[in-house]
Structures are given as structure tokens and as C-alpha cells.
>>> print(open('coords-v6.txt').read())   # compact mmCIF, C-alpha atoms
# COMPACT_ATOMS: atom_id res chain seq x y z
CA MET S 203 -98.36 -66.97 70.08
CA SER S 204 -101.38 -64.94 68.98
CA THR S 205 -103.67 -63.91 71.80
CA PHE S 206 -107.41 -63.72 71.40
CA GLU S 207 -110.18 -63.54 73.94
CA ILE S 208 -113.97 -63.62 73.80
CA LYS S 209 -116.30 -62.39 76.53
CA LYS S 210 -119.99 -63.11 76.24
CA ARG S 211 -122.75 -61.00 77.79
CA SER S 212 -126.40 -60.23 77.21
CA LYS S 213 -127.86 -56.78 76.59
CA SER S 214 -131.54 -56.08 75.91
CA GLY S 215 -132.02 -59.75 75.00
CA ILE S 216 -129.21 -59.71 72.44
CA VAL S 217 -126.00 -61.76 72.82
CA VAL S 218 -122.96 -59.49 72.74
CA LEU S 219 -119.55 -61.03 72.09
CA ASP S 220 -116.68 -58.72 73.01
CA ILE S 221 -113.64 -59.86 71.09
CA PHE S 222 -110.08 -58.83 71.91
CA GLY S 223 -106.64 -59.35 70.41
CA GLU S 224 -105.67 -61.04 67.17
CA LEU S 225 -108.00 -63.19 65.10
CA ASP S 226 -105.88 -65.32 62.76
CA ALA S 227 -105.66 -68.97 61.67
CA HIS S 228 -104.41 -69.88 65.15
CA THR S 229 -107.17 -68.21 67.13
CA ALA S 230 -110.13 -68.48 64.71
CA PRO S 231 -111.27 -71.89 66.09
CA GLY S 232 -112.14 -70.16 69.39
CA LEU S 233 -114.66 -67.86 67.70
CA GLU S 234 -115.93 -70.76 65.63
CA LYS S 235 -116.75 -72.77 68.78
CA GLU S 236 -118.56 -69.78 70.25
CA PHE S 237 -120.78 -69.41 67.16
CA GLN S 238 -121.46 -73.16 67.15
CA LYS S 239 -122.59 -73.00 70.78
CA LEU S 240 -124.84 -70.02 70.13
CA ILE S 241 -126.47 -71.80 67.17
CA GLU S 242 -127.04 -74.91 69.31
CA ASP S 243 -128.60 -72.74 72.02
CA LYS S 244 -130.69 -70.91 69.42
CA SER S 245 -129.19 -67.63 70.62
CA VAL S 246 -128.95 -66.22 67.15
CA ASN S 247 -129.33 -62.48 67.61
CA ILE S 248 -125.67 -61.67 67.98
CA VAL S 249 -123.67 -58.45 68.13
CA VAL S 250 -119.92 -58.84 67.86
CA ASN S 251 -118.27 -55.85 69.51
CA GLY S 252 -114.91 -55.65 67.76
CA SER S 253 -113.59 -52.53 69.48
CA GLY S 254 -110.92 -54.63 71.20
CA LEU S 255 -109.92 -56.47 68.02
CA GLU S 256 -106.43 -55.42 66.95
CA TYR S 257 -105.92 -57.66 63.94
CA ILE S 258 -107.86 -59.95 61.63
CA SER S 259 -106.77 -62.18 58.75
CA SER S 260 -108.93 -64.02 56.24
CA ALA S 261 -109.06 -67.03 58.59
CA GLY S 262 -110.95 -64.81 61.05
CA LEU S 263 -113.23 -63.41 58.37
CA GLY S 264 -113.92 -66.97 57.24
CA VAL S 265 -115.57 -67.75 60.58
CA PHE S 266 -118.13 -65.00 59.99
CA MET S 267 -118.73 -66.41 56.51
CA ALA S 268 -119.12 -69.99 57.68
CA TYR S 269 -121.95 -69.38 60.18
CA ILE S 270 -123.93 -66.42 58.89
CA GLU S 271 -126.26 -68.47 56.68
CA ASP S 272 -127.13 -70.91 59.51
CA ILE S 273 -127.81 -67.99 61.81
CA ARG S 274 -129.95 -66.14 59.27
CA SER S 275 -131.90 -69.32 58.48
CA GLN S 276 -132.97 -69.25 62.16
CA ASN S 277 -134.08 -65.61 61.72
CA GLY S 278 -131.01 -64.35 63.52
CA ASP S 279 -128.09 -62.25 62.41
CA ILE S 280 -124.52 -61.35 63.27
CA LYS S 281 -124.04 -57.59 63.43
CA ILE S 282 -120.54 -56.27 63.81
CA ALA S 283 -119.86 -53.10 65.80
CA GLY S 284 -117.02 -50.85 66.85
CA LEU S 285 -114.30 -52.03 64.45
CA ARG S 286 -111.04 -50.10 64.43
CA PRO S 287 -110.25 -48.55 61.02
CA LYS S 288 -107.46 -50.96 60.09
CA VAL S 289 -109.63 -53.99 60.96
CA PHE S 290 -112.64 -52.51 59.15
CA ASN S 291 -110.43 -52.04 56.10
CA VAL S 292 -109.84 -55.81 55.88
CA PHE S 293 -113.61 -56.48 56.00
CA ASP S 294 -114.04 -53.78 53.37
CA LEU S 295 -111.37 -55.18 51.01
CA LEU S 296 -113.36 -58.41 50.76
CA GLY S 297 -116.73 -56.75 50.28
CA PHE S 298 -118.19 -57.60 53.67
CA PRO S 299 -120.07 -54.32 54.18
CA THR S 300 -122.58 -55.31 51.47
CA LEU S 301 -123.34 -58.63 53.18
CA TYR S 302 -123.14 -57.78 56.87
CA ASP S 303 -124.41 -54.97 59.06
CA ILE S 304 -121.19 -53.31 60.13
CA ILE S 305 -122.15 -50.53 62.49
CA GLU S 306 -120.20 -47.94 64.43
CA THR S 307 -121.58 -48.50 67.91
CA GLU S 308 -122.81 -51.49 69.87
CA ASP S 309 -125.99 -49.65 70.89
CA ASP S 310 -126.88 -48.94 67.27
CA ALA S 311 -126.25 -52.59 66.39
CA ILE S 312 -128.60 -53.71 69.18
CA GLY S 313 -131.12 -51.10 68.01
CA ARG S 314 -131.18 -52.67 64.54
CA PHE S 315 -132.40 -55.95 66.04
CA GLN S 316 -135.06 -54.15 68.07
CA ASN S 317 -136.30 -52.14 65.07
CA HIS S 318 -136.47 -55.35 63.06
CA SER S 319 -138.63 -57.15 65.66
CA GLN S 320 -141.19 -54.33 66.00
CA MET I 40 -75.65 -51.47 42.04
CA PRO I 41 -77.82 -50.74 45.09
CA SER I 42 -77.09 -52.85 48.16
CA ILE I 43 -79.46 -55.61 49.25
CA LYS I 44 -80.05 -56.30 52.95
CA GLU I 45 -81.58 -59.66 53.83
CA HIS I 46 -83.08 -61.15 56.97
CA THR I 47 -84.37 -64.71 57.30
CA LEU I 48 -86.69 -66.37 59.80
CA ARG I 49 -87.09 -70.14 59.77
CA VAL I 50 -90.22 -71.44 61.47
CA GLY I 51 -92.18 -74.64 61.99
CA ALA I 52 -95.34 -75.20 59.95
CA SER I 53 -97.69 -74.28 62.78
CA THR I 54 -100.23 -71.50 63.20
CA ASN I 55 -98.51 -70.97 66.57
CA GLU I 56 -95.79 -69.17 64.62
CA LEU I 57 -97.99 -66.61 62.87
CA GLU I 58 -97.63 -63.96 65.52
CA ARG I 59 -93.83 -64.30 65.54
CA ILE I 60 -93.78 -64.00 61.75
CA ARG I 61 -95.95 -60.86 61.86
CA HIS I 62 -93.61 -59.27 64.41
CA PHE I 63 -90.55 -60.18 62.35
CA VAL I 64 -92.05 -58.61 59.24
CA ALA I 65 -93.35 -55.52 61.07
CA ASP I 66 -89.99 -54.83 62.73
CA HIS I 67 -88.13 -54.86 59.43
CA ALA I 68 -90.85 -52.93 57.57
CA ARG I 69 -90.73 -50.25 60.28
CA ASP I 70 -86.92 -50.09 60.14
CA PHE I 71 -87.19 -49.65 56.39
CA GLY I 72 -89.45 -46.63 56.87
CA PHE I 73 -92.94 -47.89 56.00
CA ASP I 74 -95.84 -46.14 57.73
CA ASP I 75 -98.27 -48.01 60.02
CA HIS I 76 -100.79 -48.57 57.23
CA ASP I 77 -98.24 -50.20 54.93
CA ILE I 78 -96.73 -52.21 57.80
CA HIS I 79 -100.18 -53.67 58.48
CA ASP I 80 -100.69 -54.47 54.78
CA ILE I 81 -97.36 -56.31 54.59
CA GLN I 82 -98.01 -58.19 57.85
CA LEU I 83 -101.41 -59.33 56.62
CA ALA I 84 -100.13 -60.39 53.18
CA VAL I 85 -97.31 -62.41 54.77
CA ASP I 86 -99.69 -63.93 57.34
CA GLU I 87 -101.98 -65.04 54.50
CA ALA I 88 -99.13 -66.55 52.49
CA CYS I 89 -97.73 -68.37 55.55
CA THR I 90 -101.18 -69.62 56.56
CA ASN I 91 -101.50 -71.10 53.07
CA VAL I 92 -98.12 -72.84 53.43
CA ILE I 93 -99.07 -74.26 56.84
CA LYS I 94 -102.54 -75.32 55.72
CA HIS I 95 -102.12 -76.38 52.09
CA ALA I 96 -98.41 -77.05 51.43
CA TYR I 97 -97.84 -78.86 54.74
CA GLN I 98 -101.43 -79.70 55.78
CA TYR I 99 -100.72 -78.72 59.39
CA LYS I 100 -97.86 -81.24 59.73
CA THR I 101 -95.89 -79.22 62.24
CA ASP I 102 -92.58 -81.08 61.94
CA ASN I 103 -92.04 -79.30 58.59
CA GLN I 104 -90.32 -75.94 58.35
CA PHE I 105 -90.37 -72.99 55.98
CA CYS I 106 -88.51 -69.69 55.59
CA VAL I 107 -89.62 -66.08 55.53
CA ARG I 108 -86.95 -63.95 53.87
CA ILE I 109 -87.02 -60.18 53.73
CA GLY I 110 -84.86 -58.12 51.42
CA THR I 111 -84.80 -54.43 50.65
CA ARG I 112 -83.45 -52.73 47.58
CA GLY I 113 -83.84 -49.09 46.70
CA ASN I 114 -87.30 -48.09 47.89
CA GLU I 115 -88.74 -51.60 47.65
CA MET I 116 -89.18 -54.41 50.16
CA LEU I 117 -89.26 -58.00 48.94
CA VAL I 118 -90.71 -60.79 51.10
CA SER I 119 -90.20 -64.39 50.00
CA ILE I 120 -91.81 -67.40 51.62
CA ILE I 121 -90.03 -70.61 50.73
CA ASP I 122 -91.28 -74.13 51.42
CA ASN I 123 -90.78 -77.67 50.21
CA GLY I 124 -94.37 -78.82 50.56
CA LYS I 125 -97.18 -79.48 48.14
CA PRO I 126 -96.91 -76.84 45.39
CA PHE I 127 -99.56 -74.20 44.80
CA ASP I 128 -100.78 -73.83 41.22
CA PRO I 129 -101.63 -70.17 40.70
CA ASP I 130 -103.18 -70.92 37.29
CA ALA I 131 -105.78 -73.18 38.88
CA TYR I 132 -106.80 -70.56 41.44
CA LYS I 133 -110.19 -68.96 40.87
CA MET I 134 -110.72 -65.58 42.45
CA PRO I 135 -113.67 -66.00 44.84
CA THR I 136 -116.57 -63.60 45.11
CA THR I 137 -117.84 -62.96 48.60
CA GLN I 138 -121.42 -63.85 47.61
CA ASP I 139 -120.28 -67.23 46.20
CA GLN I 140 -118.33 -67.97 49.35
CA LEU I 141 -121.36 -67.12 51.45
CA ASN I 142 -123.66 -69.32 49.38
CA GLN I 143 -121.24 -72.23 49.66
CA LYS I 144 -120.47 -71.59 53.36
CA LYS I 145 -116.80 -71.56 52.41
CA ARG I 146 -114.41 -70.06 54.86
CA SER I 147 -111.20 -70.05 52.89
CA GLY I 148 -109.93 -68.86 49.54
CA TYR I 149 -109.47 -65.21 50.39
CA GLY I 150 -105.78 -65.29 51.23
CA ILE I 151 -104.50 -64.96 47.67
CA LEU I 152 -107.07 -62.27 46.93
CA LEU I 153 -105.89 -60.23 49.90
CA ILE I 154 -102.20 -60.71 49.05
CA ARG I 155 -102.83 -59.38 45.54
CA LYS I 156 -104.76 -56.40 46.86
CA LEU I 157 -102.23 -55.54 49.57
CA MET I 158 -98.90 -55.93 47.75
CA ASP I 159 -97.60 -54.23 44.59
CA ASN I 160 -96.41 -57.41 42.91
CA VAL I 161 -96.78 -61.15 43.61
CA GLU I 162 -94.95 -63.98 41.82
CA TYR I 163 -94.76 -67.73 42.29
CA ARG I 164 -91.61 -69.67 41.54
CA LYS I 165 -91.05 -73.40 41.63
CA ARG I 166 -87.77 -75.21 41.23
CA ASN I 167 -87.64 -78.97 41.93
CA SER I 168 -89.28 -79.35 45.35
CA ARG I 169 -88.79 -75.71 46.32
CA ASN I 170 -91.81 -73.40 46.19
CA GLU I 171 -91.49 -69.67 46.59
CA ILE I 172 -93.97 -66.83 46.73
CA ARG I 173 -92.30 -63.44 46.20
CA MET I 174 -94.14 -60.30 47.15
CA THR I 175 -92.94 -56.74 46.83
CA LYS I 176 -94.13 -53.39 48.11
CA LYS I 177 -92.74 -49.96 47.41
CA ARG I 178 -92.22 -47.46 50.19
>>> encode(input="coords-v6.txt", output="C-alpha cells")
Amino acid sequence: MSTFEIKKRSKSGIVVLDIFGELDAHTAPGLEKEFQKLIEDKSVNIVVNGSGLEYISSAGLGVFMAYIEDIRSQNGDIKIAGLRPKVFNVFDLLGFPTLYDIIETEDDAIGRFQNHSQ
Amino acid sequence: MPSIKEHTLRVGASTNELERIRHFVADHARDFGFDDHDIHDIQLAVDEACTNVIKHAYQYKTDNQFCVRIGTRGNEMLVSIIDNGKPFDPDAYKMPTTQDQLNQKKRSGYGILLIRKLMDNVEYRKRNSRNEIRMTKKR
């Protein structure tokens, strides 16, 4: 069975989700619930650190698609950091880099939120 | 006539099985001599096709089963996914744009697009109640 894990932490007032393992149709509901909770809590400045993500299918990408508009309508954003090349390639194949901030490091992703609020 | 080697995995229509399917495909793709990049492409294309079978053909009814069949011939690998569920009509499929999906908050529809980008050739066959998607990739 696919294994996927999410750890949530806070850094400089930004929610950081560290995601690990394989994000496919079996595990995507776990990330979906996490985004739903964050929207309910109005914690909408989110960095997803994907350095531990080994695999993603379109079911995983679909979760990012499903919640980004709700999050942006609350003046938040999902920024994605640290993707491994083969995972980044899947985001790239579907044109995600034009719609999402996909950034090399977590610190730079957090910095984008701070620059925006100044 | 070049020889054809075939391997078949029969699984239940559950997303639980996706990891096992990916391993099955990766093991045979590696044995056939694909590099890591191509192995990942084939795994992802097969995952997408199987997810569509589980979700659309069988609508998550896990007592159904389908087959993943791998064959190699010459320098080409063929992967077939065979089910007896609700058929997919490739002519009715509209290629999504990411901006449209975002506007409509849609989370699905990318599987076919990825399969076409990742594999060299994709065909759909239907005979009676049997549906088959055949995908090939050259080494």
C-alpha cells in the first residue's frame, strides 16, 4: 500500500507542511483533509515542503488544484518548495509552474510571503 | 519473428493496489533495460490508467478485478490494462487546460493527458464487455 505522511509546523508565522512518500489516488485524501482544516482555521499562508516526496500522480496534483482558489480568495497562497527533479517534472508537464510558486528552498518560499506582506 | 515475453498481474479495483502495480511495472521495465527516468514515466502512465479504471470503469467497487499485462518485443515494451467495467470513450475526452481546471476547481482529467505525454503510443480497444488501453514505450 502507498505510504504518505504529512507533518505540520509553523515557521515565521507561515504554516509549513512537510510531505513524505507517495502521493497518489490512495493517499491524496490525506492532503485534502489537511488543506480543508487549514482553510477552516484561516491558516492560509502555506508552504508545502516536498523534499521528502518521492512520487506524485495527477490525483495528488488535483488536490493542489482543488484548494488553491479558496486559499487565494482568503489572501493566502500555497507555495511549493524543495521538489525532487522527477516530482517537479510531473508538475511541469501539466503547466503548474505558471500557476504556482514552485521554489527551490523552503526559506525562499517563506521569504516570498514576507516580501508580499511588506 | 521476435519473441514476446508476457507478465500479468490481476488486482482488485482498489487504490490500495496502486503501489503494487507500480512495483510490478517498475521491476519489469528495469529488467528490460529502461533507465530510471523512463521507468518513472511508465509507472506514472500505468498508475494513471489504473486509477481511471478504479475510479471511472468500476466507480471504486472493490469486488471487481482488472489485469495489468506487460509484454516486450524488440526494443519496445507494451503495457495493457484490461477491465470489464464501464467503457471509456476516448472521442468524448476533451484535453483539459490547467487554467480551465483551476477556474472550475476540478481535480481530475489529467490522467489521459499525462499518459499521452509519457508514452510513445496509446490505443483504446473495446470488444464486447472487455475494455483495453494499450500503451507502448521504446527503450
>>> closest_residue(input="coords-v6.txt", among="I:Thr175, I:Gln98, I:Asn55, I:Gln104", to="I:Leu157", atoms="all atoms listed in the file")
I:Thr175
>>> closest_residue(input="coords-v6.txt", among="I:Tyr163, I:Val50, I:Arg155, I:Asp77", to="I:Asp130", atoms="only C-alpha atoms")
I:Tyr163
>>> closest_residue(input="coords-v6.txt", among="I:Leu57, I:Val64, I:Ala131, I:Leu48", to="I:Thr111", atoms="only C-alpha atoms")
I:Val64
>>> interface_residues(input="coords-v6.txt", of="chain S", to="chain I", cutoff="10 Å", atoms="only C-alpha atoms", output="NGL selection string")
:S and (203-205 or 224 or 226-229 or 257-272 or 288-289 or 292 or 295-298 or 300-301)
>>> atom_distance(input="coords-v6.txt", atom1="atom CA of I:Val118", atom2="atom CA of S:Leu225")
22.4 Å
>>> axis_aligned_box(input="coords-v6.txt", around="stretch 306-319 of chain S", padding_each_side="4 Å", output="lines of an AutoDock Vina configuration file")
center_x = -129.4
center_y = -52.5
center_z = 67.0
size_x = 26.4
size_y = 17.2
size_z = 15.8
>>> residues_around(input="coords-v6.txt", residues="S:Phe315", least_positions_apart="4", cutoff="10 Å", atoms="all atoms listed in the file", output="list in words")
Ser214, Gly215, Ile216, Asn247, Ile248, Val249, Gly278, Asp279, Ile280, Lys281, Asp310, Ala311, Ser319 and Gln320 of chain S
>>> atom_distance(input="coords-v6.txt", atom1="atom CA of I:Ala65", atom2="atom CA of I:Met116")
11.7 Å
>>> atom_distance(input="coords-v6.txt", atom1="atom CA of S:Ala230", atom2="atom CA of S:Arg286")
18.4 Å
>>> residues_around(input="coords-v6.txt", residues="I:Asn103", least_positions_apart="6", cutoff="7 Å", atoms="only C-alpha atoms", output="list in words")
Gly51, Ala52 and Tyr97 of chain I
>>> residues_around(input="coords-v6.txt", residues="S:Lys209", least_positions_apart="6", cutoff="9 Å", atoms="only C-alpha atoms", output="JSON, numbers by chain")
{"S": [218, 219, 220, 221, 222]}
>>> residues_near_point(input="coords-v6.txt", point="(-93.2, -68.2, 51.8)", cutoff="9 Å", atoms="only C-alpha atoms", output="list in words")
Val85, Ala88, Cys89, Asn91, Val92, Phe105, Cys106, Val107, Arg108, Val118, Ser119, Ile120, Ile121, Asp122, Asn170, Glu171, Ile172 and Arg173 of chain I
>>> residues_around(input="coords-v6.txt", residues="S:Thr307", least_positions_apart="2", cutoff="6 Å", atoms="only C-alpha atoms", output="PyMOL selection string")
chain S and resi 283-284+305+309-310
>>> closest_residue(input="coords-v6.txt", among="I:Arg69, I:Arg49, I:Lys165, I:Lys44", to="I:Gly124", atoms="only C-alpha atoms")
I:Lys165
>>> closest_residue(input="coords-v6.txt", among="S:Glu256, S:Ile282, S:Ser275, S:Pro231", to="S:Lys244", atoms="all atoms listed in the file")
S:Ser275
